[in-house]
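Presented below is the structure to which this report refers.
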Amino acid sequence: MTLANNPDLQSIARQVMLDHGFNPDFPPPVQQQLAQLKSTPPADGLRDLRNLLWSSIDNDTSKDLDQIEVAEPLPSGDVKIMVGIADVDTDVPRDSAIDQHACSQATTVYTGVRNFSMLPEKLSTGLTSLLENQDNASIIIEFVVSADGHVKSTDLYRALVRNRAQLTYAGVGGWLENTAPAPSKVAASTDLQAQLKLQNTVAQALRQQRYRHGALNIETIEVRPILINDRVADVVKQEKNLGTELIEDFMIAANEVVARALLNVSSIRRVVKTPERWDRIVQLAAPQGGHLPANPDSKALNDFLMQRKAADPTHFADLSLAVIKLMGPGEYILERPGDPETGHFGLAVQDYTHSTAPNRRFADLVTQRLIKSFLGKGSNPYTDSELDSIAKTCTEREDAARKVEREMSKRISAAALADRIGQVFDAIITGASSKGTFVRVLKPHVEGMLVQGQQGLDVGDSLRVKLVRTDIQKGYIDFAKAA
């Protein structure tokens with residue numbers, strides 16, 4: 001790829017961050033606090049659970065590790081799951097310079113070419129990360145799961161932990177699915193093999209139980225760049241597998257446990273409200289054989305989605321995207337004791353919060369402080385008005401982060417295709433309106449505008465397209481219908 005066709009995407013990412021109100025640089029007071037920061041010895045009185053076979057599963061390049069997991073079979077046939085969450089609060093005191101900056105940013109932003117961390121990396125990828133062979137204080141979220149996926153009992157407490165194996169989604173997922181050999185750390189330990197298989201069994205039981213309650217099985221297409229010498233060589237679809245599902249299922253269960261524990265105190269909830277545009281979802285389903293009830297029903301919607309996934313897997317991601325847009329984004333809200341429960345429509349649960357990623361999301365760090373107060377039987381460290389303000393900020397910054405990531409994804413895709421002008425690709429029409437006709441190329445997974453030959457085409461039509469132009473600075477990719 002020529003340098004002229006591939007401008008400095010890291011500089012572009014920084015500018016896009018600024019355009020959306022983020023501060024990509026840590027201000028001087030944060031640097032000053034960071035310079036004085038030393039490793040905090042774990043507090044006395046923590047349970048010592050370092051002897052357990054803890055492991056983490058995350059992306060290939062992740063160093064900001066928020067959680068580790070371990071499973072313990074019980075004589076009853078049930079399984080005790082323990083999720084250890086990084087104790088970030090101890091090293092980031094409330095209202096300190098680092099905390100104030102984290103509150104204003106609210107989230108780590110992943111642009112594909114550079115991560116803009118909510119916390120300084122000395123913390124998020126060092127002192128407060130649950131790195132392999134490092135002793136860490138943590139919050140333990142414990143739940144006992146029956147064979148059919150019911151959570152029977154729960155507990156919260158603080159403990160000292162040690163990550164025994166830092167693993168990746170791709171490595172664990174491929175091995176669990178029998179499509180790849182075991183990663184070296186897994187191959188070297190029969191105990192770890194048994195541990196991961198047990199965790200996978202429990203995770204799938206939790207997932208099926210959620211589906212029975214109406215949680216939505218939605219598929220979104222996410223891509224990641226292949227970088228060679230900091231240049232975008234290609235973009236590939238980010239595939240879900242049993243490794244990603246395992247962590248997803250455990251984190252959902254853990255967040256429910258925390259939300260229920262905090263029922264009697266004011267806290268921040270993560271909600272997806274009942275869709276206001278349910279009537280449009282009903283209209284969308286009807287031509288595809290879906291007969292949804294007049295009133296919102298997540299179980300009926302999921303049954304329809306499962307049927308369409310089986311009948312037309314090629315277009316399922318596009319159907320999922322349409323449903324997601326009509327449901328509306330998730331948001332953070334203040335929930336006080338006695339308030340009507342808003343719940344999370346997509347997960348079909350009433351009590352849900354974010355607590356499992358305090359290195360990456362400010363809402364989770366705030367919830368961690370609420371947990372500590374709850375465990376210590378202290379008063380709520382935040383007033384209702386403070387929690388309400390934080391919830392609004394977190395929602396607004398998360399929306400902005402999505403826009404940054406979406407804009408950078410377009411630029412990365414344009415960079416990946418910059419040297420392929422004139423090539424022909426298989427594609428599907430994903431949008432047709434007064435704004436234009438849009439296509440998704442099947443390989444590589446990129447989207448662009450059809451600027452020639454769009455007459456008579458509609459959403460869902462398959463066609464061959466020729467790449468005619470890319471603009472990396474603006475993130476434009478233009479196609480023409482191939483002859």
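Residues are named by chain letter and number: chains run A, B, ... in the order of the structure tokens, numbers start at 1 in each chain, and ligands are numbered from 1 in the order shown.
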With the cut-off set at 12 Å and counting only C-alpha atoms, tabulate each residue of range 58-116 of chain A with an atom at most that distance from an atom of range 377-389 of chain A, showing the nearest atom pair and its distance in Å to one decimal, ordered by chain and increasing number, as JSON lines.
```
{"residue": "A:Pro93", "atom": "CA", "partner": "A:Pro381", "partner_atom": "CA", "distance": 11.8}
{"residue": "A:Arg94", "atom": "CA", "partner": "A:Pro381", "partner_atom": "CA", "distance": 9.3}
{"residue": "A:Asp95", "atom": "CA", "partner": "A:Tyr382", "partner_atom": "CA", "distance": 11.4}
{"residue": "A:Cys103", "atom": "CA", "partner": "A:Ser389", "partner_atom": "CA", "distance": 10.4}
{"residue": "A:Ser104", "atom": "CA", "partner": "A:Ser389", "partner_atom": "CA", "distance": 11.1}
{"residue": "A:Ala106", "atom": "CA", "partner": "A:Ser389", "partner_atom": "CA", "distance": 11.9}
```
Exercise. Where in range 12-135 of chain A does DSSP assign strand (DSSP E or B), given as an MDAnalysis selection string?
Worked result: chainID A and resid 47:48 55:58 67:73 79:86 107 109:110 115:116 132 135
Hey, what's within 9 Å of Ala432 in chain A if we count only C-alpha atoms and toss same-chain stuff fewer than 3 positions away? As a JSON list (two decimals) with C-alpha atoms, in the first residue's frame, please?
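Written out: selection.json:
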```json
[["chain", "number", "residue", "atom", "x", "y", "z"],
["A", 429, "ILE", "CA", -27.98, -3.92, -0.79],
["A", 435, "LYS", "CA", -30.05, 9.51, 1.08],
["A", 436, "GLY", "CA", -28.69, 6.95, -1.38],
["A", 437, "THR", "CA", -28.27, 3.25, -2.01],
["A", 438, "PHE", "CA", -25.82, 1.43, 0.25],
["A", 454, "GLN", "CA", -28.61, 1.66, -8.41],
["A", 457, "LEU", "CA", -32.46, -2.25, -6.64],
["A", 458, "ASP", "CA", -33.84, -2.69, -3.12],
["A", 459, "VAL", "CA", -32.70, -3.89, 0.30]]
```
Problem set entry | Close residues, Ile428 in chain A itself excluded, 9 Å, only C-alpha atoms, min 5 positions apart in chain, as a ChimeraX atom specification | /A:315,438-442,459-464
Quick one: contact table of range 286-335 of chain A to range 345-351 of chain A, 9 Å max, nearest atom pair and distance in Å to one decimal per residue, counting only C-alpha atoms, chain and number order, as a tab-separated table?
```
residue	atom	partner	partner_atom	distance
A:Asp297	CA	A:Phe345	CA	8.8
A:Ser298	CA	A:Phe345	CA	6.7
A:Lys299	CA	A:Ala348	CA	8.2
A:Met327	CA	A:Gly346	CA	8.4
```
Limited to N, CA and C atoms, could you put the picked residues into a file as an mmCIF file, in the first residue's frame?
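Output contents, as saved in again.cif:
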```cif
data_model
loop_
_atom_site.group_PDB
_atom_site.id
_atom_site.type_symbol
_atom_site.label_atom_id
_atom_site.label_comp_id
_atom_site.auth_asym_id
_atom_site.auth_seq_id
_atom_site.Cartn_x
_atom_site.Cartn_y
_atom_site.Cartn_z
ATOM 1 N N ASP A 297 -43.053 -7.663 23.104
ATOM 2 C CA ASP A 297 -42.874 -8.994 23.678
ATOM 3 C C ASP A 297 -41.513 -9.508 23.215
ATOM 4 N N SER A 298 -40.526 -9.490 24.110
ATOM 5 C CA SER A 298 -39.169 -9.883 23.720
ATOM 6 C C SER A 298 -39.097 -11.361 23.346
ATOM 7 N N LYS A 299 -39.882 -12.193 23.998
ATOM 8 C CA LYS A 299 -39.869 -13.637 23.684
ATOM 9 C C LYS A 299 -40.370 -13.873 22.253
ATOM 10 N N MET A 327 -35.123 -0.548 18.363
ATOM 11 C CA MET A 327 -35.179 -0.674 19.826
ATOM 12 C C MET A 327 -34.607 0.564 20.505
#
```
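Taking CA of Ile141 in chain A and CA of Glu335 in chain A as endpoints, the distance between them is 20.9 Å.
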For this session: Just the residues within 8 Å of range 119-133 of chain A, please, counting only C-alpha atoms, with nothing from its chain fewer than 6 positions along; format it as a PyMOL selection string.
Result: chain A and resi 26+34+39+63-68+86-88+91+98+102+108+162-166+359-360
Next, write the just-selected residues to a file, as a PDB file, in the first residue's frame, keeping C-alpha atoms as the atom set.
```
ATOM      1  CA  PHE A  26      -4.350  13.295  30.135  1.00  0.00           C
ATOM      2  CA  LEU A  34       0.308   9.391  38.247  1.00  0.00           C
ATOM      3  CA  SER A  39       1.443  -0.025  43.991  1.00  0.00           C
ATOM      4  CA  LYS A  63      -3.853  -5.633  28.539  1.00  0.00           C
ATOM      5  CA  ASP A  64      -6.596  -3.784  30.462  1.00  0.00           C
ATOM      6  CA  LEU A  65      -7.952  -6.952  32.052  1.00  0.00           C
ATOM      7  CA  ASP A  66     -11.031  -6.291  34.173  1.00  0.00           C
ATOM      8  CA  GLN A  67     -12.141  -9.790  35.089  1.00  0.00           C
ATOM      9  CA  ILE A  68     -11.016 -13.349  35.734  1.00  0.00           C
ATOM     10  CA  ALA A  86     -10.298  -5.623  39.270  1.00  0.00           C
ATOM     11  CA  ASP A  87     -10.334  -3.352  42.338  1.00  0.00           C
ATOM     12  CA  VAL A  88      -9.763  -0.056  40.524  1.00  0.00           C
ATOM     13  CA  ASP A  91      -5.879   3.170  43.264  1.00  0.00           C
ATOM     14  CA  ILE A  98      -7.577  10.769  37.649  1.00  0.00           C
ATOM     15  CA  ALA A 102     -12.277   9.447  33.973  1.00  0.00           C
ATOM     16  CA  THR A 108     -12.270   3.838  26.821  1.00  0.00           C
ATOM     17  CA  ARG A 162      -3.915 -14.321  41.001  1.00  0.00           C
ATOM     18  CA  ASN A 163      -4.549 -14.825  37.276  1.00  0.00           C
ATOM     19  CA  ARG A 164      -2.978 -18.181  36.393  1.00  0.00           C
ATOM     20  CA  ALA A 165      -3.580 -18.071  32.639  1.00  0.00           C
ATOM     21  CA  GLN A 166      -4.126 -15.054  30.391  1.00  0.00           C
ATOM     22  CA  ASN A 359     -10.820  -0.088  33.974  1.00  0.00           C
ATOM     23  CA  ARG A 360     -12.807   0.777  30.843  1.00  0.00           C
TER      24      ARG A 360
END
```
List every residue of range 361-472 of chain A that has an atom at most 8 Å from any atom of range 12-24 of chain A, giving for each one its closest atom pair and the distance in Å to one decimal, counting only C-alpha atoms, sorted by chain and then by ascending residue number, as a Markdown table.
```
| residue | atom | partner | partner_atom | distance |
| --- | --- | --- | --- | --- |
| A:Ala400 | CA | A:His20 | CA | 6.0 |
| A:Ala401 | CA | A:His20 | CA | 7.9 |
| A:Lys403 | CA | A:His20 | CA | 8.0 |
| A:Val404 | CA | A:Val16 | CA | 6.2 |
| A:Glu407 | CA | A:Val16 | CA | 7.9 |
| A:Met408 | CA | A:Ala13 | CA | 6.6 |
```
Kindly save the residues from that selection, with N, CA and C atoms included, as a PDB file, in the first residue's frame.
```pdb
ATOM      1  N   ALA A 400     -21.227   9.131  22.030  1.00  0.00           N
ATOM      2  CA  ALA A 400     -20.157   9.791  21.287  1.00  0.00           C
ATOM      3  C   ALA A 400     -19.064   8.789  20.907  1.00  0.00           C
ATOM      4  N   ALA A 401     -18.750   7.868  21.812  1.00  0.00           N
ATOM      5  CA  ALA A 401     -17.725   6.858  21.526  1.00  0.00           C
ATOM      6  C   ALA A 401     -18.144   5.970  20.359  1.00  0.00           C
ATOM      7  N   LYS A 403     -19.993   6.865  17.888  1.00  0.00           N
ATOM      8  CA  LYS A 403     -19.829   7.652  16.660  1.00  0.00           C
ATOM      9  C   LYS A 403     -18.362   7.701  16.244  1.00  0.00           C
ATOM     10  N   VAL A 404     -17.458   7.876  17.215  1.00  0.00           N
ATOM     11  CA  VAL A 404     -16.026   7.872  16.910  1.00  0.00           C
ATOM     12  C   VAL A 404     -15.626   6.543  16.280  1.00  0.00           C
ATOM     13  N   GLU A 407     -17.064   6.172  12.749  1.00  0.00           N
ATOM     14  CA  GLU A 407     -16.361   7.006  11.774  1.00  0.00           C
ATOM     15  C   GLU A 407     -14.976   6.437  11.458  1.00  0.00           C
ATOM     16  N   MET A 408     -14.293   5.946  12.473  1.00  0.00           N
ATOM     17  CA  MET A 408     -12.961   5.384  12.234  1.00  0.00           C
ATOM     18  C   MET A 408     -13.048   4.063  11.476  1.00  0.00           C
TER      19      MET A 408
END
```
Exercise. What gap, in Å, lies between CA of His344 in chain A and CA of Ala259 in chain A?
Worked result: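 Interatomic distance here is 11.9 Å.
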For this session: Go through A:Ala261, A:Ile218, A:Val282, A:Ile252 one by one, measure the shortest atom-to-atom distance of each to Ala317 in chain A using only C-alpha atoms, and give the residue with the smallest value.
Result: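 Smallest separation from Ala317 in chain A among the options: A:Ile218.
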For this session: Have a look at CA of Ala482 in chain A and CA of Asp312 in chain A and let me know their distance in Å, one decimal.
Result: 24.5 Å
Exercise. Among range 281-432 of chain A, which ones does DSSP place in alpha helix (DSSP H), written as a ChimeraX atom specification?
Worked result: /A:281-285,298-311,313-327,362-375,384-417
Which residues are close to Thr470 in chain A, i.e. within 9 Å by only C-alpha atoms, leaving aside same-chain residues fewer than 2 positions away? Reply as a JSON list (two decimals) with N, CA and C atoms, in the first residue's frame.
```json
[["chain", "number", "residue", "atom", "x", "y", "z"],
["A", 414, "ALA", "N", -11.83, 2.31, 4.17],
["A", 414, "ALA", "CA", -11.37, 3.03, 2.98],
["A", 414, "ALA", "C", -9.87, 2.84, 2.77],
["A", 415, "ALA", "N", -9.11, 2.84, 3.85],
["A", 415, "ALA", "CA", -7.67, 2.62, 3.75],
["A", 415, "ALA", "C", -7.36, 1.20, 3.25],
["A", 417, "LEU", "N", -9.08, -0.57, 1.27],
["A", 417, "LEU", "CA", -9.46, -0.74, -0.13],
["A", 417, "LEU", "C", -8.77, 0.24, -1.07],
["A", 418, "ALA", "N", -7.93, 1.11, -0.52],
["A", 418, "ALA", "CA", -7.37, 2.20, -1.34],
["A", 418, "ALA", "C", -6.61, 1.70, -2.56],
["A", 421, "ILE", "N", -8.92, -0.18, -6.30],
["A", 421, "ILE", "CA", -9.83, 0.49, -7.24],
["A", 421, "ILE", "C", -9.93, -0.35, -8.52],
["A", 467, "LEU", "N", -15.38, -1.35, -7.27],
["A", 467, "LEU", "CA", -14.91, -0.23, -6.46],
["A", 467, "LEU", "C", -14.42, 0.89, -7.38],
["A", 468, "VAL", "N", -14.98, 2.10, -7.24],
["A", 468, "VAL", "CA", -14.60, 3.20, -8.12],
["A", 468, "VAL", "C", -13.87, 4.33, -7.39],
["A", 472, "ILE", "N", -10.04, 8.34, 2.25],
["A", 472, "ILE", "CA", -9.71, 7.93, 3.61],
["A", 472, "ILE", "C", -10.01, 9.05, 4.60],
["A", 474, "LYS", "N", -12.32, 11.24, 4.62],
["A", 474, "LYS", "CA", -13.75, 11.36, 4.91],
["A", 474, "LYS", "C", -14.42, 10.02, 5.19],
["A", 475, "GLY", "N", -13.72, 8.92, 4.92],
["A", 475, "GLY", "CA", -14.31, 7.61, 5.15],
["A", 475, "GLY", "C", -15.31, 7.20, 4.08],
["A", 476, "TYR", "N", -15.13, 7.69, 2.84],
["A", 476, "TYR", "CA", -16.06, 7.37, 1.77],
["A", 476, "TYR", "C", -15.55, 6.17, 0.96],
["A", 477, "ILE", "N", -16.49, 5.28, 0.59],
["A", 477, "ILE", "CA", -16.20, 4.18, -0.31],
["A", 477, "ILE", "C", -17.34, 4.14, -1.32],
["A", 478, "ASP", "N", -17.02, 4.29, -2.60],
["A", 478, "ASP", "CA", -18.03, 4.34, -3.65],
["A", 478, "ASP", "C", -17.90, 3.15, -4.59]]
```
